[in-house]
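Raw my_file_17.cif, mmCIF, C-alpha atoms and all ligand atoms:
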```cif
data_upload
#
loop_
_atom_site.label_atom_id
_atom_site.label_comp_id
_atom_site.auth_asym_id
_atom_site.auth_seq_id
_atom_site.Cartn_x
_atom_site.Cartn_y
_atom_site.Cartn_z
CA MET Q 1 13.21 -19.54 0.43
CA THR Q 2 10.03 -18.05 -0.97
CA LYS Q 3 8.66 -15.18 1.07
CA ARG Q 4 5.02 -15.05 2.00
CA VAL Q 5 3.20 -11.78 1.29
CA ALA Q 6 -0.08 -10.72 2.91
CA ILE Q 7 -1.92 -7.82 1.26
CA LEU Q 8 -4.37 -5.50 3.02
CA ILE Q 9 -6.93 -3.69 0.87
CA SER Q 10 -10.11 -1.63 1.19
CA GLY Q 11 -11.28 -1.19 -2.40
CA GLY Q 12 -10.96 -2.34 -5.97
CA GLY Q 13 -7.61 -3.94 -5.40
CA SER Q 14 -5.87 -2.78 -8.57
CA ASN Q 15 -2.60 -2.29 -6.70
CA MET Q 16 -3.05 -5.65 -5.00
CA MET Q 17 -3.54 -7.33 -8.39
CA SER Q 18 -0.43 -5.65 -9.81
CA LEU Q 19 1.54 -7.20 -6.94
CA VAL Q 20 -0.14 -10.58 -7.33
CA LYS Q 21 0.47 -10.74 -11.09
CA ASP Q 22 4.14 -10.02 -10.56
CA MET Q 23 4.60 -12.75 -7.93
CA ASN Q 24 5.39 -15.48 -10.43
CA GLY Q 25 8.38 -17.28 -11.85
CA ASP Q 26 11.64 -16.14 -10.26
CA HIS Q 27 9.90 -13.63 -7.99
CA PRO Q 28 11.11 -14.12 -4.40
CA CYS Q 29 7.53 -13.90 -3.03
CA ARG Q 30 4.14 -15.49 -3.29
CA PRO Q 31 0.84 -14.07 -1.97
CA CYS Q 32 -0.55 -15.91 1.07
CA ILE Q 33 -3.71 -13.92 1.86
CA VAL Q 34 -5.66 -10.80 0.93
CA ILE Q 35 -7.49 -9.16 3.81
CA SER Q 36 -10.04 -6.35 3.47
CA ASN Q 37 -11.65 -4.21 6.13
CA VAL Q 38 -14.52 -3.66 3.66
CA PRO Q 39 -16.47 -6.91 3.18
CA ASP Q 40 -17.72 -6.07 -0.32
CA ALA Q 41 -14.42 -4.65 -1.57
CA GLY Q 42 -14.05 -5.57 -5.24
CA GLY Q 43 -10.48 -6.68 -4.63
CA LEU Q 44 -11.59 -9.67 -2.55
CA ALA Q 45 -13.34 -11.28 -5.51
CA LYS Q 46 -10.36 -10.54 -7.76
CA ALA Q 47 -7.99 -12.18 -5.27
CA ALA Q 48 -10.26 -15.20 -4.89
CA SER Q 49 -10.39 -15.58 -8.68
CA ALA Q 50 -6.61 -15.59 -8.66
CA GLY Q 51 -6.70 -18.50 -6.21
CA ILE Q 52 -5.59 -16.53 -3.18
CA ALA Q 53 -7.07 -16.98 0.31
CA THR Q 54 -9.21 -14.01 1.27
CA LEU Q 55 -10.63 -12.68 4.50
CA ALA Q 56 -12.92 -9.77 5.36
CA ILE Q 57 -12.57 -8.16 8.79
CA ASP Q 58 -15.23 -5.46 8.87
CA HIS Q 59 -13.92 -2.58 10.98
CA LYS Q 60 -17.51 -1.40 11.51
CA GLN Q 61 -18.27 -4.47 13.59
CA PHE Q 62 -15.75 -3.24 16.14
CA GLY Q 63 -17.40 0.17 16.56
CA LYS Q 64 -14.98 2.65 18.04
CA ASP Q 65 -12.72 -0.11 19.39
CA ARG Q 66 -9.80 0.36 17.01
CA GLY Q 67 -7.63 -1.87 19.19
CA ALA Q 68 -10.01 -4.83 18.87
CA PHE Q 69 -10.12 -4.39 15.07
CA GLU Q 70 -6.35 -4.27 14.90
CA ASP Q 71 -6.04 -7.32 17.16
CA ALA Q 72 -8.30 -9.22 14.75
CA VAL Q 73 -6.17 -8.15 11.77
CA HIS Q 74 -2.98 -8.97 13.65
CA ASP Q 75 -4.25 -12.43 14.63
CA ALA Q 76 -5.34 -13.13 11.04
CA LEU Q 77 -1.90 -12.15 9.82
CA VAL Q 78 -0.07 -14.20 12.43
CA ALA Q 79 -2.18 -17.20 11.41
CA VAL Q 80 -0.69 -17.13 7.90
CA ALA Q 81 2.84 -16.12 9.01
CA PRO Q 82 3.67 -13.56 6.31
CA ASP Q 83 7.24 -12.39 5.83
CA ILE Q 84 6.00 -9.13 4.31
CA VAL Q 85 2.70 -7.25 4.63
CA CYS Q 86 1.73 -4.88 1.80
CA LEU Q 87 -0.88 -2.20 2.37
CA ALA Q 88 -2.45 -1.61 -1.04
CA GLY Q 89 -5.24 0.92 -0.95
CA PHE Q 90 -5.89 0.04 2.70
CA MET Q 91 -7.83 3.01 4.00
CA ARG Q 92 -7.69 2.55 7.78
CA ILE Q 93 -5.13 4.39 9.84
CA LEU Q 94 -3.20 1.86 11.90
CA SER Q 95 -2.01 2.62 15.43
CA PRO Q 96 1.68 2.93 16.27
CA GLU Q 97 1.26 -0.17 18.48
CA PHE Q 98 0.02 -2.23 15.54
CA MET Q 99 2.67 -0.94 13.19
CA ALA Q 100 5.44 -1.64 15.70
CA LYS Q 101 4.51 -5.32 15.55
CA TRP Q 102 5.25 -5.37 11.80
CA ASP Q 103 8.15 -2.96 11.82
CA GLY Q 104 10.56 -3.71 8.99
CA ARG Q 105 8.08 -6.06 7.34
CA MET Q 106 5.30 -3.72 6.17
CA LEU Q 107 5.10 -1.59 3.01
CA ASN Q 108 2.56 0.99 1.84
CA ILE Q 109 1.83 2.83 -1.39
CA HIS Q 110 0.74 6.43 -1.09
CA PRO Q 111 -0.47 8.71 -3.91
CA SER Q 112 1.87 11.63 -3.41
CA LEU Q 113 5.55 12.46 -3.55
CA LEU Q 114 6.19 11.97 0.14
CA PRO Q 115 7.06 13.73 2.38
CA LYS Q 116 4.53 16.00 0.66
CA TYR Q 117 0.87 15.40 1.36
CA ARG Q 118 0.58 12.69 3.94
CA GLY Q 119 -3.01 11.58 4.55
CA LEU Q 120 -5.94 12.13 2.20
CA HIS Q 121 -6.88 14.27 -0.84
CA THR Q 122 -3.33 14.26 -2.13
CA HIS Q 123 -4.18 15.04 -5.77
CA GLN Q 124 -6.21 18.14 -4.93
CA ARG Q 125 -3.60 19.33 -2.46
CA ALA Q 126 -0.88 19.11 -5.12
CA ILE Q 127 -3.04 21.14 -7.52
CA ASP Q 128 -3.93 23.70 -4.85
CA ALA Q 129 -0.25 24.14 -4.03
CA GLY Q 130 0.53 24.88 -7.69
CA ASP Q 131 3.01 22.01 -7.82
CA GLU Q 132 4.79 21.21 -11.06
CA TYR Q 133 5.13 17.51 -10.21
CA HIS Q 134 3.04 14.87 -8.48
CA GLY Q 135 3.27 11.11 -8.15
CA CYS Q 136 3.32 8.19 -5.78
CA THR Q 137 5.59 6.69 -3.17
CA VAL Q 138 6.20 3.23 -1.76
CA HIS Q 139 7.58 3.36 1.75
CA GLU Q 140 8.21 1.23 4.76
CA VAL Q 141 5.50 1.57 7.36
CA THR Q 142 6.63 2.93 10.68
CA ALA Q 143 4.71 4.39 13.60
CA GLU Q 144 4.55 7.76 11.78
CA LEU Q 145 1.61 8.10 9.32
CA ASP Q 146 2.94 7.88 5.74
CA GLY Q 147 6.34 8.64 7.23
CA GLY Q 148 8.62 5.58 6.97
CA PRO Q 149 11.74 5.25 4.81
CA ILE Q 150 11.02 5.83 1.12
CA LEU Q 151 11.74 2.81 -1.10
CA GLY Q 152 10.54 4.18 -4.42
CA GLN Q 153 8.84 7.08 -6.15
CA ALA Q 154 7.27 7.71 -9.54
CA ARG Q 155 6.90 11.29 -10.70
CA ILE Q 156 4.52 12.81 -13.24
CA VAL Q 157 4.07 16.33 -14.55
CA ILE Q 158 0.94 18.22 -13.53
CA ALA Q 159 -0.50 19.75 -16.71
CA ALA Q 160 -2.40 23.03 -16.76
CA GLY Q 161 -6.06 22.32 -16.08
CA ASP Q 162 -5.51 18.88 -14.53
CA THR Q 163 -8.24 18.00 -12.02
CA ALA Q 164 -7.82 15.71 -9.03
CA ASP Q 165 -9.47 12.94 -11.06
CA ASP Q 166 -7.06 13.54 -13.92
CA LEU Q 167 -4.12 13.23 -11.57
CA ALA Q 168 -5.53 10.09 -9.94
CA ALA Q 169 -5.86 8.55 -13.40
CA LYS Q 170 -2.34 9.58 -14.37
CA VAL Q 171 -0.74 8.37 -11.15
CA LEU Q 172 -2.48 5.00 -10.86
CA PRO Q 173 -0.57 3.25 -13.70
CA PHE Q 174 2.65 4.40 -12.05
CA GLU Q 175 1.47 2.92 -8.75
CA HIS Q 176 0.93 -0.37 -10.57
CA ALA Q 177 4.45 -0.23 -12.01
CA LEU Q 178 6.23 1.02 -8.90
CA TYR Q 179 4.87 -1.23 -6.16
CA PRO Q 180 5.83 -4.57 -7.76
CA LYS Q 181 9.32 -3.28 -8.54
CA VAL Q 182 9.82 -2.17 -4.96
CA LEU Q 183 8.43 -5.38 -3.50
CA ARG Q 184 10.83 -7.49 -5.56
CA ARG Q 185 13.78 -5.46 -4.36
CA PHE Q 186 12.63 -5.24 -0.76
CA ALA Q 187 12.14 -9.01 -0.63
CA SER Q 188 15.73 -9.41 -1.83
CA GLY Q 189 16.98 -7.15 0.95
CA LYS Q 190 17.48 -4.05 -1.20
CA ARG Q 191 16.49 -0.71 0.29
CA ASP Q 192 17.83 1.75 -2.30
CA GLN Q 193 15.14 3.81 -3.98
CA VAL Q 194 13.39 2.86 -7.20
CA VAL Q 195 12.76 5.92 -9.39
CA LEU Q 196 10.19 5.99 -12.19
CA GLY Q 197 8.58 8.66 -14.32
CA VAL Q 198 9.95 12.07 -15.20
C1 LIG K 201 -5.09 4.55 -5.39
O1 LIG K 201 -5.44 5.85 -5.63
C2 LIG K 201 -4.19 4.50 -4.21
O2 LIG K 201 -3.24 5.47 -4.22
C3 LIG K 201 -5.20 4.70 -3.15
O3 LIG K 201 -6.23 3.80 -3.51
C4 LIG K 201 -6.28 3.78 -4.93
C5 LIG K 201 -6.14 2.42 -5.53
O4 LIG K 201 -6.95 1.53 -4.99
N1 LIG K 201 -4.63 4.56 -1.85
P1 LIG K 201 -6.85 0.01 -5.42
O5 LIG K 201 -5.43 -0.43 -5.36
O6 LIG K 201 -7.39 -0.09 -6.83
O7 LIG K 201 -7.74 -0.67 -4.43
#
```
Show this structure as structure tokens.
Amino acid sequence: MTKRVAILISGGGSNMMSLVKDMNGDHPCRPCIVISNVPDAGGLAKAASAGIATLAIDHKQFGKDRGAFEDAVHDALVAVAPDIVCLAGFMRILSPEFMAKWDGRMLNIHPSLLPKYRGLHTHQRAIDAGDEYHGCTVHEVTAELDGGPILGQARIVIAAGDTADDLAAKVLPFEHALYPKVLRRFASGKRDQVVLGV
């Protein structure tokens, strides 16, 4: 049976669109909703143009009440009964309580070779550390920030003189390639790691 995929975004939605474009033909999944915590996120318009239901849940309207924001997101998800939830450039940290509710059903893409550089500013941190390689990771979401089981990684070489912007630009196409591959496999029950890049 076709699996329903909800996608959470905060920005331009390029990763979201790479997932959406792949969910065709024999793909085991179809998108059921795109939700953004940023009402004017560019990705919402892209999803709507692709014929997908969209919803904005502005975290700012909940002030400091993270729990109320998460309850609203949770209720919106439950309403569309997704089998899988993909975080795709979703820039809010979710509480362990929220993540526990979607344990085993939620994926995230992160722009580093986890377990290196959880959190923000991953490209600059890789440069500052003098790393030879950088990349991106798709992982299952667990209660630990950027810490769940790794389902796929793409690796690139850091060239001399690369800036954080250079690395972001180099890594992004690999994000777009990696996430759809992992989603296909995850939806078919496969948990072995996808490896791309060098
Ligand atoms: C990527 O750098 C991704 O790693 C980060 O957000 C950027 C992509 O945003 N988390 P989007 O998918 O185009 O919204």
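Within 7 Å of Phe90 (chain Q), once only C-alpha atoms are used and residues closer than 3 positions along the same chain are dropped, the contacting residues are Leu8, Ile9, Ser10 and Leu87 of chain Q.
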Just-selected residues, C-alpha atoms written as a PDB file, in the coordinates of the input:
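Full text of again_11.pdb as output:
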```
ATOM      1  CA  LEU Q   8      -4.370  -5.500   3.020  1.00  0.00           C
ATOM      2  CA  ILE Q   9      -6.930  -3.690   0.870  1.00  0.00           C
ATOM      3  CA  SER Q  10     -10.110  -1.630   1.190  1.00  0.00           C
ATOM      4  CA  LEU Q  87      -0.880  -2.200   2.370  1.00  0.00           C
TER       5      LEU Q  87
END
```
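Restricting the calculation to all atoms listed in the file, the smallest distance between Val138 (chain Q) and any of Q:His59, Q:Ala100, Q:Val80, Q:Asn15 is found for Q:Asn15.
Residue nearest ligand LIG 201 (chain K), chosen from Q:Asp26, Q:Met16, Q:Gly148, Q:Glu132 and counting all atoms listed in the file: Q:Met16.
Residue nearest ligand LIG 201 (chain K), chosen from Q:His27, Q:Arg92, Q:His110, Q:Lys101 and counting only C-alpha atoms and all ligand atoms: Q:His110.
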**Prompt:** Using all atoms listed in the file, what are the residues with an atom within 9 Å of ligand LIG 201 (chain K), set out as a ChimeraX atom specification?
**Reply:** /Q:9-18,41-43,87-91,108-112,120,136-137,168-169,171-172,175-176
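Shortest separation to Leu94 (chain Q) among Q:Arg30, Q:Arg118, Q:His123, Q:Arg66 occurs at residue Q:Arg66, atoms counted being only C-alpha atoms.
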**Request:** Go ahead and compute the interatomic distance for CA of Tyr133 (chain Q) and CA of Leu178 (chain Q), in Å to one decimal.
**Result:** 16.6 Å
Which centre and edge lengths in Å to one decimal define the box along x, y and z that fits every listed atom of region 137-151 of chain Q plus 6 Å per side, as lines of an AutoDock Vina configuration file?
```
center_x = 6.7
center_y = 4.9
center_z = 5.2
size_x = 22.1
size_y = 19.4
size_z = 28.8
```
**Complete:** In Å and to one decimal, CA of Ile93 (chain Q) is distant from CA of Leu145 (chain Q) by 7.7 Å
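Residues in contact with Lys3 (chain Q) at 7 Å, where all atoms listed in the file are counted and same-chain residues fewer than 3 positions away are skipped, are listed as Pro28, Cys29, Arg30 and Asp83 of chain Q.
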**Asked** Which residues come within 6 Å of region 32-38 of chain Q, counting all atoms listed in the file, excluding same-chain residues fewer than 6 positions away, as number ranges by chain?
**Response** Q: 4-10, 52-59
**Request:** Could you please determine the separation between CA of Pro115 (chain Q) and CA of Met23 (chain Q) in Å, to one decimal place?
**Result:** 28.5 Å
Have region 71-96 of chain Q completed to N, CA, C and O atoms, please, and pass it along as a compact mmCIF listing (two decimals), keeping the file's coordinate frame.
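Final output, saved to selection33.txt:
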```txt
# COMPACT_ATOMS: atom_id res chain seq x y z
N ASP Q 71 -6.39 -5.99 16.61
CA ASP Q 71 -6.04 -7.32 17.16
C ASP Q 71 -6.54 -8.41 16.21
O ASP Q 71 -5.84 -9.41 15.99
N ALA Q 72 -7.75 -8.21 15.67
CA ALA Q 72 -8.30 -9.22 14.75
C ALA Q 72 -7.44 -9.31 13.48
O ALA Q 72 -7.16 -10.41 12.99
N VAL Q 73 -7.03 -8.14 12.97
CA VAL Q 73 -6.17 -8.15 11.77
C VAL Q 73 -4.82 -8.80 12.10
O VAL Q 73 -4.32 -9.64 11.35
N HIS Q 74 -4.27 -8.42 13.25
CA HIS Q 74 -2.98 -8.97 13.65
C HIS Q 74 -3.05 -10.50 13.78
O HIS Q 74 -2.19 -11.22 13.26
N ASP Q 75 -4.10 -10.98 14.44
CA ASP Q 75 -4.25 -12.43 14.63
C ASP Q 75 -4.38 -13.14 13.29
O ASP Q 75 -3.83 -14.23 13.08
N ALA Q 76 -5.16 -12.52 12.37
CA ALA Q 76 -5.34 -13.13 11.04
C ALA Q 76 -4.01 -13.18 10.29
O ALA Q 76 -3.73 -14.15 9.58
N LEU Q 77 -3.20 -12.15 10.46
CA LEU Q 77 -1.90 -12.15 9.82
C LEU Q 77 -0.99 -13.21 10.43
O LEU Q 77 -0.36 -14.01 9.71
N VAL Q 78 -0.93 -13.23 11.74
CA VAL Q 78 -0.07 -14.20 12.43
C VAL Q 78 -0.43 -15.62 12.00
O VAL Q 78 0.44 -16.47 11.80
N ALA Q 79 -1.72 -15.85 11.78
CA ALA Q 79 -2.18 -17.20 11.41
C ALA Q 79 -1.61 -17.67 10.08
O ALA Q 79 -1.50 -18.88 9.85
N VAL Q 80 -1.24 -16.73 9.20
CA VAL Q 80 -0.69 -17.13 7.90
C VAL Q 80 0.81 -16.83 7.81
O VAL Q 80 1.43 -17.07 6.76
N ALA Q 81 1.39 -16.31 8.90
CA ALA Q 81 2.84 -16.12 9.01
C ALA Q 81 3.48 -15.45 7.80
O ALA Q 81 4.37 -16.03 7.16
N PRO Q 82 3.04 -14.23 7.47
CA PRO Q 82 3.67 -13.56 6.31
C PRO Q 82 5.06 -13.04 6.66
O PRO Q 82 5.33 -12.66 7.81
N ASP Q 83 5.94 -13.03 5.65
CA ASP Q 83 7.24 -12.39 5.83
C ASP Q 83 7.13 -10.90 5.57
O ASP Q 83 7.88 -10.10 6.13
N ILE Q 84 6.20 -10.53 4.69
CA ILE Q 84 6.00 -9.13 4.31
C ILE Q 84 4.50 -8.86 4.25
O ILE Q 84 3.73 -9.71 3.79
N VAL Q 85 4.10 -7.67 4.73
CA VAL Q 85 2.70 -7.25 4.63
C VAL Q 85 2.67 -6.00 3.75
O VAL Q 85 3.37 -5.02 4.03
N CYS Q 86 1.87 -6.04 2.69
CA CYS Q 86 1.73 -4.88 1.80
C CYS Q 86 0.37 -4.24 2.00
O CYS Q 86 -0.66 -4.89 1.83
N LEU Q 87 0.36 -2.97 2.36
CA LEU Q 87 -0.88 -2.20 2.37
C LEU Q 87 -1.07 -1.68 0.95
O LEU Q 87 -0.16 -1.05 0.38
N ALA Q 88 -2.22 -1.98 0.37
CA ALA Q 88 -2.45 -1.61 -1.04
C ALA Q 88 -3.85 -1.02 -1.16
O ALA Q 88 -4.82 -1.73 -1.36
N GLY Q 89 -3.93 0.29 -0.97
CA GLY Q 89 -5.24 0.92 -0.95
C GLY Q 89 -6.00 0.56 0.31
O GLY Q 89 -7.23 0.46 0.29
N PHE Q 90 -5.26 0.36 1.41
CA PHE Q 90 -5.89 0.04 2.70
C PHE Q 90 -6.16 1.37 3.41
O PHE Q 90 -5.23 2.13 3.69
N MET Q 91 -7.44 1.66 3.63
CA MET Q 91 -7.83 3.01 4.00
C MET Q 91 -8.11 3.20 5.49
O MET Q 91 -8.84 4.12 5.87
N ARG Q 92 -7.58 2.34 6.34
CA ARG Q 92 -7.69 2.55 7.78
C ARG Q 92 -6.34 3.00 8.31
O ARG Q 92 -5.31 2.45 7.94
N ILE Q 93 -6.37 3.99 9.19
CA ILE Q 93 -5.13 4.39 9.84
C ILE Q 93 -4.83 3.36 10.92
O ILE Q 93 -5.71 2.98 11.70
N LEU Q 94 -3.60 2.88 10.93
CA LEU Q 94 -3.20 1.86 11.90
C LEU Q 94 -2.45 2.53 13.05
O LEU Q 94 -1.72 3.50 12.85
N SER Q 95 -2.63 2.00 14.24
CA SER Q 95 -2.01 2.62 15.43
C SER Q 95 -0.51 2.33 15.44
O SER Q 95 -0.06 1.33 14.88
N PRO Q 96 0.24 3.19 16.13
CA PRO Q 96 1.68 2.93 16.27
C PRO Q 96 1.94 1.56 16.90
O PRO Q 96 2.90 0.88 16.53
```
